[in-house]
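Note: the block below is my_file-v4.cif and it holds mmCIF, C-alpha atoms.
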```
data_start
loop_
_atom_site.label_atom_id
_atom_site.label_comp_id
_atom_site.auth_asym_id
_atom_site.auth_seq_id
_atom_site.Cartn_x
_atom_site.Cartn_y
_atom_site.Cartn_z
CA MET A 97 60.08 118.47 99.68
CA ASP A 98 61.69 120.25 96.70
CA ALA A 99 64.31 123.01 96.87
CA SER A 100 61.80 125.81 96.25
CA ALA A 101 59.65 124.71 99.21
CA SER A 102 62.54 124.42 101.69
CA PRO A 103 62.80 127.11 104.39
CA ASP A 104 65.49 129.81 104.17
CA TRP A 105 67.23 128.66 107.36
CA LEU A 106 67.76 125.19 105.84
CA ALA A 107 69.45 126.61 102.74
CA VAL A 108 71.75 128.74 104.93
CA HIS A 109 72.57 125.71 107.12
CA GLN A 110 73.37 123.52 104.10
CA HIS A 111 75.56 126.27 102.61
CA GLU A 112 77.49 126.62 105.90
CA LYS A 113 77.89 122.86 106.11
CA LYS A 114 79.39 122.74 102.59
CA GLN A 115 81.79 125.53 103.49
CA GLN A 116 83.09 123.68 106.58
CA LYS A 117 84.24 120.56 104.72
CA GLY A 118 87.89 120.13 103.76
CA ASN A 119 90.48 122.82 103.16
CA PRO A 120 88.81 126.25 103.00
CA ASN A 121 91.45 127.52 100.54
CA TRP A 122 90.86 124.73 98.05
CA LYS A 123 87.77 124.64 95.85
CA ARG A 124 86.50 121.79 93.66
CA GLY A 125 88.12 121.85 90.23
CA MET A 126 91.28 123.66 91.39
CA LYS A 127 94.71 122.18 90.84
CA SER A 128 95.97 120.34 93.91
CA PRO A 129 98.20 122.48 96.13
CA ASN A 130 100.35 119.37 96.77
CA PRO A 131 100.35 117.32 93.54
CA SER A 132 103.16 114.98 94.63
CA GLY A 133 101.51 114.18 97.96
CA ARG A 134 103.25 113.86 101.29
CA PRO A 135 107.04 113.92 100.88
CA ARG A 136 108.85 110.66 101.62
CA GLY A 137 110.41 110.33 105.04
CA ILE A 138 107.82 112.38 106.89
CA SER A 139 106.12 110.09 109.36
CA ASN A 140 102.96 110.72 111.27
CA ALA A 141 102.29 110.12 114.97
CA ARG A 142 100.87 106.63 114.37
CA ALA A 143 103.99 105.51 112.50
CA LYS A 144 106.20 106.89 115.28
CA LEU A 145 104.18 105.05 117.94
CA ASN A 146 104.29 101.80 115.95
CA GLN A 147 108.05 102.10 115.56
CA ARG A 148 108.51 102.72 119.28
CA LEU A 149 106.29 99.76 120.22
CA LEU A 150 108.18 97.50 117.82
CA SER A 151 111.48 98.51 119.36
CA ASP A 152 110.15 97.89 122.91
CA THR A 153 108.28 94.65 122.13
CA GLN A 154 110.77 92.29 123.74
CA GLY A 155 110.76 94.26 126.99
CA ILE A 156 106.96 94.39 127.05
CA VAL A 157 106.69 90.64 126.49
CA ASP A 158 109.30 89.91 129.17
CA LYS A 159 107.41 92.10 131.66
CA MET A 160 104.06 90.43 130.87
CA VAL A 161 105.57 86.95 131.23
CA ALA A 162 107.14 87.92 134.55
CA GLN A 163 103.81 89.27 135.81
CA ALA A 164 102.01 86.11 134.65
CA LEU A 165 104.57 83.93 136.43
CA ASP A 166 104.07 86.01 139.59
CA GLY A 167 100.36 85.13 139.52
CA ASP A 168 98.80 88.02 137.58
CA ALA A 169 95.78 86.29 136.03
CA GLN A 170 95.09 89.07 133.54
CA SER A 171 98.64 88.91 132.14
CA ALA A 172 98.46 85.12 131.95
CA SER A 173 95.11 85.28 130.18
CA LEU A 174 96.40 87.80 127.66
CA ILE A 175 99.51 85.74 126.90
CA LEU A 176 97.59 82.48 126.59
CA SER A 177 94.95 84.06 124.34
CA ARG A 178 97.70 85.13 121.93
CA VAL A 179 99.65 81.87 122.03
CA MET A 180 97.00 79.15 122.20
CA PRO A 181 93.94 78.89 119.97
CA THR A 182 90.49 79.00 121.53
CA LEU A 183 89.19 75.54 122.29
CA ARG A 184 86.08 74.56 120.39
CA ALA A 185 83.51 72.07 121.49
CA GLN A 186 84.06 68.66 119.96
CA VAL A 187 80.94 67.12 118.49
CA GLU A 188 80.51 63.51 119.41
CA ARG A 189 79.23 60.91 116.98
CA VAL A 190 75.91 59.50 118.17
CA GLU A 191 74.01 56.41 117.13
CA PHE A 192 70.36 55.78 117.94
CA ASP A 193 67.27 54.42 116.26
CA PHE A 194 66.25 57.13 113.76
CA ASP A 195 64.04 56.84 110.68
CA SER A 196 64.80 59.73 108.30
CA SER A 197 61.87 58.77 106.06
CA ALA A 198 59.35 59.21 108.90
CA PRO A 199 57.27 62.40 109.19
CA LEU A 200 59.12 65.29 110.83
CA ALA A 201 57.11 65.13 114.04
CA GLN A 202 58.04 61.47 114.50
CA GLN A 203 61.71 62.28 113.79
CA VAL A 204 61.70 64.92 116.52
CA GLN A 205 59.91 62.51 118.87
CA SER A 206 62.58 59.82 118.28
CA VAL A 207 65.33 62.37 119.07
CA LEU A 208 63.52 63.34 122.28
CA GLN A 209 63.24 59.66 123.25
CA ALA A 210 66.98 59.23 122.60
CA ILE A 211 67.71 62.21 124.85
CA ALA A 212 65.41 60.82 127.56
CA GLY A 213 67.01 57.39 127.24
CA GLY A 214 70.53 58.81 127.62
CA GLU A 215 71.63 57.76 124.12
CA VAL A 216 72.12 61.39 123.03
CA SER A 217 73.17 64.39 125.12
CA ALA A 218 70.71 67.28 125.36
CA ASP A 219 72.89 69.76 123.44
CA ILE A 220 73.48 67.33 120.56
CA GLY A 221 69.77 66.46 120.55
CA LYS A 222 68.93 70.16 120.31
CA GLN A 223 71.21 70.50 117.29
CA ILE A 224 69.58 67.50 115.61
CA ILE A 225 66.08 68.89 116.26
CA GLU A 226 67.13 72.28 114.85
CA ALA A 227 68.45 70.52 111.74
CA ILE A 228 65.14 68.64 111.39
CA GLY A 229 63.29 71.99 111.68
CA ALA A 230 65.50 73.55 109.00
CA LEU A 231 64.86 70.56 106.75
CA GLY A 232 61.11 70.95 107.33
CA ALA A 233 61.27 74.61 106.30
CA ILE A 234 63.16 73.69 103.14
CA LYS A 235 60.63 70.98 102.33
CA GLN A 236 57.79 73.52 102.74
CA ILE A 237 59.47 75.90 100.30
CA ASP A 238 59.98 73.08 97.79
CA GLU A 239 56.31 72.06 98.09
CA LEU A 240 55.15 75.66 97.61
CA GLU A 241 57.36 76.10 94.54
CA ASP A 242 55.98 72.85 93.12
CA ARG A 243 52.37 73.92 93.77
CA ILE A 244 52.95 77.34 92.21
CA SER A 245 54.56 75.85 89.11
CA ARG A 246 51.64 73.41 88.73
CA LEU A 247 49.12 76.24 89.12
CA GLU A 248 50.96 78.42 86.61
CA GLY A 249 51.11 75.48 84.20
CA LYS A 250 47.33 75.04 84.29
CA THR A 251 46.57 78.61 83.19
#
```
Written as structure tokens, that's how I'd like the structure from this file.
Amino acid sequence: MDASASPDWLAVHQHEKKQQKGNPNWKRGMKSPNPSGRPRGISNARAKLNQRLLSDTQGIVDKMVAQALDGDAQSASLILSRVMPTLRAQVERVEFDFDSSAPLAQQVQSVLQAIAGGEVSADIGKQIIEAIGALGAIKQIDELEDRISRLEGKT
């Protein structure tokens, strides 16, 4: 829809919207009413709050530790989450009979047999099967690119 086809109420609305933005006394192209910016030493509310929190930090930490020692699970959880890193699952090294040159379906079948035989845990087996699937998708893309390049070469 071009500007000539727009309804009158839309033009009025857009004009009002432009008027509401920013300082109503300042227009585009005018010299800044405060060219040097905010004077040094004037702090805003956020800076004041940060300064107050920094000055009270030791007392806050002492109170949280005391609450955690008294059995407050939420305080203990908060403290531990800030002090200790989150534990990550450790991946175990697995060994089982696996032929990487076999077709993908046979590779997945050998992983499933290893899971069923207890040689590989189910979560590790799932990761291996997902990796085999990703490899299959990459192989398909490579084969398609090869076929396209051969077709384009023939013409």
Quiz item: Selected by the PyMOL selection byres ((chain A and resi 188-200) around 9) in the shown coordinates: which residues, as a count of residues only?
Solution: 18
With 8 Å of padding per side, what axis-aligned box (centre and edge lengths, Å, one decimal) covers all the listed atoms of stretch 210-221 of chain A? Give it as AutoDock Vina command-line options.
```
--center_x 69.4 --center_y 63.6 --center_z 124.1 --size_x 24.1 --size_y 28.4 --size_z 23.1
```
Self-check item: Using all atoms listed in the file: which of A:Ala233, A:Ile175, A:Leu183, A:Gly221 has the shortest distance to A:Ala162
Solution: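 Smallest separation from A:Ala162 among the options: A:Ile175.
Here atom CA of A:Pro131 and atom CA of A:Gln147 stand 27.9 Å from one another.
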Quiz prompt | Separation of atom CA of A:Val179 from atom CA of A:Asp158, in Å and rounded to one decimal | solution =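 It comes out at 14.4 Å.
What separates atom CA of A:Arg178 from atom CA of A:Lys159 is a distance of 15.4 Å.
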Could you rebuild stretch 121-132 of chain A with N, CA and C atoms and give it back as a tab-separated table (two decimals), in the frame of the given file?
```tsv
chain	number	residue	atom	x	y	z
A	121	ASN	N	90.76	126.83	101.62
A	121	ASN	CA	91.45	127.52	100.54
A	121	ASN	C	91.37	126.76	99.21
A	122	TRP	N	90.93	125.55	99.26
A	122	TRP	CA	90.86	124.73	98.05
A	122	TRP	C	89.42	124.54	97.63
A	123	LYS	N	89.13	124.80	96.38
A	123	LYS	CA	87.77	124.64	95.85
A	123	LYS	C	87.78	123.52	94.81
A	124	ARG	N	86.64	122.87	94.64
A	124	ARG	CA	86.50	121.79	93.66
A	124	ARG	C	86.89	122.30	92.28
A	125	GLY	N	87.69	121.49	91.58
A	125	GLY	CA	88.12	121.85	90.23
A	125	GLY	C	89.47	122.54	90.20
A	126	MET	N	89.96	123.02	91.35
A	126	MET	CA	91.28	123.66	91.39
A	126	MET	C	92.37	122.62	91.29
A	127	LYS	N	93.55	123.04	90.85
A	127	LYS	CA	94.71	122.18	90.84
A	127	LYS	C	95.13	121.91	92.28
A	128	SER	N	95.58	120.70	92.56
A	128	SER	CA	95.97	120.34	93.91
A	128	SER	C	97.14	121.19	94.38
A	129	PRO	N	97.08	121.70	95.61
A	129	PRO	CA	98.20	122.48	96.13
A	129	PRO	C	99.42	121.60	96.44
A	130	ASN	N	99.24	120.29	96.49
A	130	ASN	CA	100.35	119.37	96.77
A	130	ASN	C	100.24	118.18	95.81
A	131	PRO	N	100.57	118.38	94.52
A	131	PRO	CA	100.35	117.32	93.54
A	131	PRO	C	101.19	116.06	93.77
A	132	SER	N	102.32	116.17	94.42
A	132	SER	CA	103.16	114.98	94.63
A	132	SER	C	102.83	114.27	95.94
```
